[in-house]
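Remarks on the structure that follows.
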Amino acid sequence: MSNTVERLEFQAEAKQLLHLMVHSIYSNKDIFLRELISNASDALDKLRLESLTNKDLKADTSDLHVMLEADKEARTLTVRDNGIGMSRDEVIGLIGTIAKSGTAEFLKQVKETRDQAASAELIGQFGVGFYSTFMVADKVTLVTRHAGQSQGTRWESTGDGTYTIEDVEMPPQGTSITLHLKPVDSEDGVHDYTDEWTVRSIVKKYSDFISYPIKMDVEKSTWEDGKETKSRAVETLNSMKALWARPKDEVKPEEYKEFYKHISHDWNDPLRTIHMKAEGTFEYESLLFVPSRAPMDLYMRDGRRGLQLYVKRVFIMDDCEELMPEYLRFVKGVVDAADLSLNVSREILQKDRQIQQMRRRLVKKVLSDLESIRDDAAEEYATFWHEFGRCMKEGLYGDPENREALLDLARFNSTQDEGGLIALKDYLGRMKEGQEAIYYLTGETRASVENSPHLEAFKAKGIEVLLLTDPIDELWVSMVGQYQGKSFQSAGKGEVTLGGEEEKAEQEERKKDFASLLSWMASKLSEVKEVRLSTRLTASPACVVGDQYDVTPNLEKMMRAMGQDVPEVKRILELNPEHPLVVGLKSAYDERKDDPQLAEVAELLFGLSILAEGGELKDPARFSKVLAETLTRAI
């Protein structure tokens, strides 16, 4: 077997991340040890599960543990585990490159962030794991052997953008990572990580809950006849109690926070902790967390989601998506079931009745806890909705069972929100007498929606309209139908009647008076479905609207951007019968019906309506030409 040493380069993004960690501005560098112990714990979990499900695996699982070894003279700290280990290809794939989704976006944001504290928080939103070692080490050496294999791998780097890798014969099973430590520098946040008490305190603070023993060879003192005798002994530094299995009153808030950071790789404290135990037909324990900040990959297709699944304390999988719906993908945590098989697969999970029941209960519990935040801590809930509101709205579309609860939790901008978000119950409490619908308008931005001509009559009459600008709004609002007996109605679709009986009577009279003009305009404008008088306009001469069940222009644009073939939907042109331009057009039409210039005015009126709602003209060159000619005649 050749022991040739290869020198390879890190992937470009990994190189940038290495540079960032070597020159890290983050003051709390102790967390590198938490990250390494967390990785070691994962490796032990994987070996334990593999040994239970693969009877052919020849691996020793009798004493699974993490060992810490500090050498003051050599100034090294080694973190060693006897877990699953890695093959050569896995070392290159997991350490030489970064496959984690969102890393490019993370690096981009760090570069664009000038505030050092803000940069540190960005780093915290990404579990940089192994790379955090370069905050405290000048050189890192990794030796690993995959369980059941004879050949091992040695990897080494100084964080300069390259690394060496070579084969080694029969190293111990698992992985050892040796950090060649930088000099102690209290100002730079680098402690003496060869000091026993420093290491002990870090383990106690961050990793006490790890379910495997974290051992260290420590110095012991005994006294006899007034004389001190020192000796060395291996001691377990952590309590190893599964946090979710302990009674709530025995768990300190700090322990919850550190466990959250361990499983989520988020350095911020969670917004909420949900600790529950279910008993009955089937039993399970769970410890869930609502983050305080949205992760960078929350809306990325390949972003991580799902809860950790255990069966009787045995780790099964890291991202069990079946336990939590897509719209609650930001929830982190652990579920430990008592009655599932250790050989459970994702295919089985999708059909398993217990999993479905657990999922239903977990969702109810999360929503119930969010309701308590909403009712008891308004500022905290505002933070939550700012970070995860778009996700929650996905549930309005995809979770009919909990739709009513989600509608109660939802917050919206409106024409009367005065800078804050409102609940639907607030909207209902402000509805005008006789108002039967919850009015809304969708669009790309608040400014475009708020300034839309569709809202003119609503504003004039003091009727509140919800301003919906998230892409998901286009989908859920048409599906939900109603809230507490009041239907949702678009201010930009269908016919809107806001006035009393007297106004309705006047409108009917105007329809008769304008009937000939409306019919003529419809015949001249091939792009419109119908031309009619409007009750929603007070200042603009015209606007375009859709039929009650038509696809909105915004949704049509979104669907086309996703590559979907959407049939063209003709719009309805509505005229304001009190606007001077419309009054003048009617007068001119009554006098000279056959004047070709009147058709051009109708064309311009339609084009202006499209532009007023932020739409795109089919033939902008034609519109500009006709407009220029019309203005020339006016001068």
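We label chains A, B, ... in the order they appear in the structure tokens, count residues from 1 in each chain, and number ligands from 1 in the order shown.
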Q: Could you give me, as a PyMOL selection string, the residues within 9 Å of Ile165 (chain A), counting only C-alpha atoms and dropping anything in the same chain fewer than 5 positions from it?
A: chain A and resi 4-8+88+91-92+153-156
Selection above as a file: N, CA and C atoms, as a CSV table (one decimal), in the first residue's frame:
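out03.csv was written with the following content:
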```csv
chain,number,residue,atom,x,y,z
A,4,THR,N,1.7,7.6,-0.1
A,4,THR,CA,1.9,8.9,-0.8
A,4,THR,C,1.0,10.0,-0.2
A,5,VAL,N,1.7,11.1,0.1
A,5,VAL,CA,0.9,12.3,0.7
A,5,VAL,C,0.5,13.2,-0.5
A,6,GLU,N,-0.8,13.4,-0.6
A,6,GLU,CA,-1.4,14.3,-1.6
A,6,GLU,C,-1.7,15.6,-1.0
A,7,ARG,N,-1.4,16.7,-1.7
A,7,ARG,CA,-1.7,18.0,-1.3
A,7,ARG,C,-2.9,18.5,-2.2
A,8,LEU,N,-4.0,18.9,-1.6
A,8,LEU,CA,-5.2,19.3,-2.4
A,8,LEU,C,-5.6,20.7,-1.9
A,88,ARG,N,-11.8,7.7,3.1
A,88,ARG,CA,-11.0,8.7,2.5
A,88,ARG,C,-11.9,9.7,1.7
A,91,VAL,N,-13.8,12.0,3.9
A,91,VAL,CA,-13.0,13.1,4.4
A,91,VAL,C,-12.9,14.2,3.4
A,92,ILE,N,-12.6,13.9,2.2
A,92,ILE,CA,-12.5,14.9,1.1
A,92,ILE,C,-13.9,15.6,0.9
A,153,THR,N,-7.4,7.1,7.2
A,153,THR,CA,-7.0,8.3,6.5
A,153,THR,C,-6.4,9.4,7.5
A,154,ARG,N,-5.4,10.0,7.0
A,154,ARG,CA,-4.8,11.1,7.8
A,154,ARG,C,-4.9,12.4,7.0
A,155,TRP,N,-5.5,13.4,7.6
A,155,TRP,CA,-5.8,14.7,7.0
A,155,TRP,C,-5.1,15.8,7.8
A,156,GLU,N,-4.6,16.8,7.1
A,156,GLU,CA,-3.9,17.9,7.9
A,156,GLU,C,-4.0,19.2,7.1
```
Q: Rank nothing, just name the residue among A:Thr552, A:Asp63, A:Glu433, A:Asn451 nearest to Ile463 (chain A), using only C-alpha atoms.
A: A:Glu433
Q. Which is closest to Val184 (chain A) among A:Phe330, A:Leu287, A:Ser345, A:Ala137, if we use only C-alpha atoms?
A.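 Looking at the shortest contact to Val184 (chain A), the residue is A:Ala137.
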Q. Can you tell me, as a list in words, what residues are no more than 7 Å from Phe134 (chain A) when counting only C-alpha atoms, ignoring any on the same chain fewer than 5 positions away?
A.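 The filter keeps Met21, Val22 and Gly159 of chain A.
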Q: Within 9 Å of Leu307 (chain A), counting only C-alpha atoms, which residues show up once you throw out same-chain ones fewer than 3 positions away? Write them as a PyMOL selection string, please.
A: chain A and resi 288+317-324+329+331-335
So that I have them on file, write out the residues from the current selection with N, CA, C and O atoms, as a compact mmCIF listing (two decimals), in the first residue's frame.
```
# COMPACT_ATOMS: atom_id res chain seq x y z
N LEU A 288 -38.89 20.46 21.74
CA LEU A 288 -38.92 21.26 20.51
C LEU A 288 -38.53 22.70 20.81
O LEU A 288 -38.73 23.20 21.92
N MET A 317 -32.58 9.04 12.97
CA MET A 317 -32.26 9.93 11.85
C MET A 317 -32.27 11.39 12.29
O MET A 317 -32.90 11.76 13.27
N ASP A 318 -31.53 12.18 11.53
CA ASP A 318 -31.30 13.57 11.91
C ASP A 318 -32.38 14.52 11.42
O ASP A 318 -32.61 15.57 11.99
N ASP A 319 -33.03 14.17 10.34
CA ASP A 319 -33.98 15.10 9.72
C ASP A 319 -35.26 14.37 9.32
O ASP A 319 -35.53 14.19 8.14
N CYS A 320 -36.03 13.97 10.31
CA CYS A 320 -37.28 13.24 10.06
C CYS A 320 -38.36 14.23 9.65
O CYS A 320 -39.03 14.84 10.50
N GLU A 321 -38.54 14.40 8.35
CA GLU A 321 -39.48 15.39 7.83
C GLU A 321 -40.93 15.00 8.11
O GLU A 321 -41.82 15.85 8.11
N GLU A 322 -41.17 13.70 8.36
CA GLU A 322 -42.54 13.23 8.55
C GLU A 322 -43.14 13.70 9.88
O GLU A 322 -44.35 13.62 10.07
N LEU A 323 -42.33 14.19 10.79
CA LEU A 323 -42.83 14.59 12.10
C LEU A 323 -43.33 16.03 12.16
O LEU A 323 -43.95 16.43 13.14
N MET A 324 -43.05 16.81 11.13
CA MET A 324 -43.45 18.21 11.15
C MET A 324 -43.75 18.67 9.72
O MET A 324 -42.99 18.36 8.81
N ARG A 329 -41.13 24.00 9.17
CA ARG A 329 -39.78 23.45 8.99
C ARG A 329 -38.73 24.17 9.83
O ARG A 329 -37.62 23.69 10.00
N VAL A 331 -38.98 24.66 13.01
CA VAL A 331 -38.98 24.09 14.36
C VAL A 331 -37.86 23.04 14.45
O VAL A 331 -37.73 22.18 13.60
N LYS A 332 -37.05 23.16 15.48
CA LYS A 332 -35.96 22.21 15.72
C LYS A 332 -36.27 21.38 16.96
O LYS A 332 -37.05 21.79 17.81
N GLY A 333 -35.64 20.22 17.07
CA GLY A 333 -35.85 19.45 18.28
C GLY A 333 -35.68 17.96 18.12
O GLY A 333 -35.23 17.46 17.09
N VAL A 334 -36.09 17.25 19.17
CA VAL A 334 -35.93 15.81 19.27
C VAL A 334 -37.26 15.16 19.63
O VAL A 334 -38.01 15.70 20.47
N VAL A 335 -37.56 14.04 19.00
CA VAL A 335 -38.71 13.21 19.39
C VAL A 335 -38.18 11.82 19.65
O VAL A 335 -37.48 11.23 18.82
```
**Q.** One-decimal distance in Å that lies between CA of Lys257 (chain A) and CA of Asn238 (chain A)
**A.**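 CA of Asn238 (chain A) sits 16.3 Å away from CA of Lys257 (chain A).
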Q: For region 169-180 of chain A, please output as number ranges by chain all residues within 10 Å (counting only C-alpha atoms; exclusion window: fewer than 2 positions along the same chain).
A: A: 1, 3, 36, 39-40, 43-44, 47, 59-60, 66-71, 74-86, 130, 133-134, 136-156, 158, 167, 182-183, 193
Q.
If we count only C-alpha atoms and set the cut-off at 12 Å, which residues sit around Tyr427 (chain A), ignoring sequence neighbours fewer than 5 positions away in its own chain? Please answer as a PyMOL selection string.
A. chain A and resi 408+410-417+421-422+432+435+437-440+463-466+483-484+486+488
Go ahead and save the picked residues with C-alpha atoms, as an mmCIF file, in the first residue's frame.
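Written output follows (selection-v9.cif):
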```
data_model
loop_
_atom_site.group_PDB
_atom_site.id
_atom_site.type_symbol
_atom_site.label_atom_id
_atom_site.label_comp_id
_atom_site.auth_asym_id
_atom_site.auth_seq_id
_atom_site.Cartn_x
_atom_site.Cartn_y
_atom_site.Cartn_z
ATOM 1 C CA ASP A 408 -55.919 33.415 14.289
ATOM 2 C CA ALA A 410 -51.637 35.312 11.122
ATOM 3 C CA ARG A 411 -50.659 38.986 10.944
ATOM 4 C CA PHE A 412 -51.135 41.314 7.990
ATOM 5 C CA ASN A 413 -50.427 44.776 6.688
ATOM 6 C CA SER A 414 -53.526 46.820 5.927
ATOM 7 C CA THR A 415 -54.567 50.289 4.825
ATOM 8 C CA GLN A 416 -55.154 51.109 8.505
ATOM 9 C CA ASP A 417 -52.262 49.319 10.229
ATOM 10 C CA LEU A 421 -49.322 44.312 11.620
ATOM 11 C CA ILE A 422 -52.930 43.458 12.433
ATOM 12 C CA LYS A 432 -68.190 49.035 8.733
ATOM 13 C CA GLN A 435 -69.854 45.122 5.474
ATOM 14 C CA ALA A 437 -66.535 40.725 3.269
ATOM 15 C CA ILE A 438 -62.888 40.932 4.330
ATOM 16 C CA TYR A 439 -61.324 42.943 1.503
ATOM 17 C CA TYR A 440 -57.757 42.366 0.368
ATOM 18 C CA ILE A 463 -63.108 50.600 4.493
ATOM 19 C CA GLU A 464 -60.001 48.679 5.553
ATOM 20 C CA VAL A 465 -58.205 46.502 2.996
ATOM 21 C CA LEU A 466 -55.535 43.890 3.735
ATOM 22 C CA TYR A 483 -62.892 33.624 8.411
ATOM 23 C CA GLN A 484 -65.488 33.559 11.168
ATOM 24 C CA LYS A 486 -66.873 36.603 6.611
ATOM 25 C CA PHE A 488 -62.412 37.051 1.637
#
```
Q | DSSP strand (DSSP E) selection over region 130-266 of chain A, as an NGL selection string | A | :A and (137-145 or 151-157 or 162-169 or 174-181 or 214-224 or 227-236)
Q. Expressed in Å to a single decimal, how great is the separation between CA of Thr53 (chain A) and CA of Tyr284 (chain A)?
A.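 Between these atoms lies a distance of 21.5 Å.
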Q. Closest to His454 (chain A) among A:Glu613, A:Glu506, A:Asp208, A:Glu279, using only C-alpha atoms?
A.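 Among the listed residues, the smallest separation from His454 (chain A) belongs to A:Glu613.
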(Q) Restricting the calculation to only C-alpha atoms: of A:Asp470, A:Met300, A:Tyr397, A:Arg361, which residue gets closest to Met558 (chain A)? (A)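 Closest to Met558 (chain A) of all the choices is A:Asp470.
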If we count only C-alpha atoms and set the cut-off at 10 Å, which residues sit around Tyr299 (chain A), ignoring sequence neighbours fewer than 5 positions away in its own chain? Please answer as a PDB file with all heavy atoms, in the first residue's frame.
```pdb
ATOM      1  N   GLY A 102     -26.750  27.186   1.217  1.00  0.00           N
ATOM      2  CA  GLY A 102     -26.793  28.533   1.791  1.00  0.00           C
ATOM      3  C   GLY A 102     -25.441  29.099   2.152  1.00  0.00           C
ATOM      4  O   GLY A 102     -25.333  30.246   2.554  1.00  0.00           O
ATOM      5  N   ALA A 294     -34.614  33.329  11.623  1.00  0.00           N
ATOM      6  CA  ALA A 294     -34.781  32.392  10.508  1.00  0.00           C
ATOM      7  C   ALA A 294     -33.408  32.001   9.960  1.00  0.00           C
ATOM      8  O   ALA A 294     -32.554  32.862   9.763  1.00  0.00           O
ATOM      9  CB  ALA A 294     -35.620  33.036   9.410  1.00  0.00           C
ATOM     10  N   ARG A 329     -41.131  23.996   9.172  1.00  0.00           N
ATOM     11  CA  ARG A 329     -39.784  23.455   8.989  1.00  0.00           C
ATOM     12  C   ARG A 329     -38.734  24.174   9.830  1.00  0.00           C
ATOM     13  O   ARG A 329     -37.616  23.689   9.995  1.00  0.00           O
ATOM     14  CB  ARG A 329     -39.383  23.510   7.515  1.00  0.00           C
ATOM     15  CG  ARG A 329     -39.378  24.902   6.893  1.00  0.00           C
ATOM     16  CD  ARG A 329     -39.109  24.789   5.388  1.00  0.00           C
ATOM     17  NE  ARG A 329     -39.218  26.058   4.679  1.00  0.00           N
ATOM     18  CZ  ARG A 329     -40.351  26.560   4.220  1.00  0.00           C
ATOM     19  NH1 ARG A 329     -41.495  25.904   4.432  1.00  0.00           N
ATOM     20  NH2 ARG A 329     -40.380  27.703   3.566  1.00  0.00           N
ATOM     21  N   ARG A 390     -43.981  34.251   6.679  1.00  0.00           N
ATOM     22  CA  ARG A 390     -44.169  33.710   5.329  1.00  0.00           C
ATOM     23  C   ARG A 390     -44.326  32.197   5.364  1.00  0.00           C
ATOM     24  O   ARG A 390     -45.133  31.618   4.634  1.00  0.00           O
ATOM     25  CB  ARG A 390     -42.981  34.088   4.442  1.00  0.00           C
ATOM     26  CG  ARG A 390     -43.028  35.515   3.904  1.00  0.00           C
ATOM     27  CD  ARG A 390     -41.761  35.848   3.149  1.00  0.00           C
ATOM     28  NE  ARG A 390     -41.535  34.942   2.039  1.00  0.00           N
ATOM     29  CZ  ARG A 390     -40.379  34.856   1.366  1.00  0.00           C
ATOM     30  NH1 ARG A 390     -39.359  35.616   1.723  1.00  0.00           N
ATOM     31  NH2 ARG A 390     -40.245  34.017   0.366  1.00  0.00           N
ATOM     32  N   CYS A 391     -43.530  31.540   6.235  1.00  0.00           N
ATOM     33  CA  CYS A 391     -43.632  30.079   6.385  1.00  0.00           C
ATOM     34  C   CYS A 391     -45.009  29.695   6.908  1.00  0.00           C
ATOM     35  O   CYS A 391     -45.644  28.768   6.404  1.00  0.00           O
ATOM     36  CB  CYS A 391     -42.579  29.593   7.373  1.00  0.00           C
ATOM     37  SG  CYS A 391     -41.116  28.928   6.580  1.00  0.00           S
TER      38      CYS A 391
END
```
Q. Quick one: distance from CA of Leu631 (chain A) to CA of Pro596 (chain A) in Å, one decimal?
A.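 So the answer is 15.6 Å.
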(Q) Taking only region 385-615 of chain A into account, list the residues labelled alpha helix (DSSP H) by DSSP (computed from the backbone), as a PyMOL selection string. (A) chain A and resi 385-398+403-409+424-429+446-450+456-460+473-480+501-524+553-561+580-591+596-612
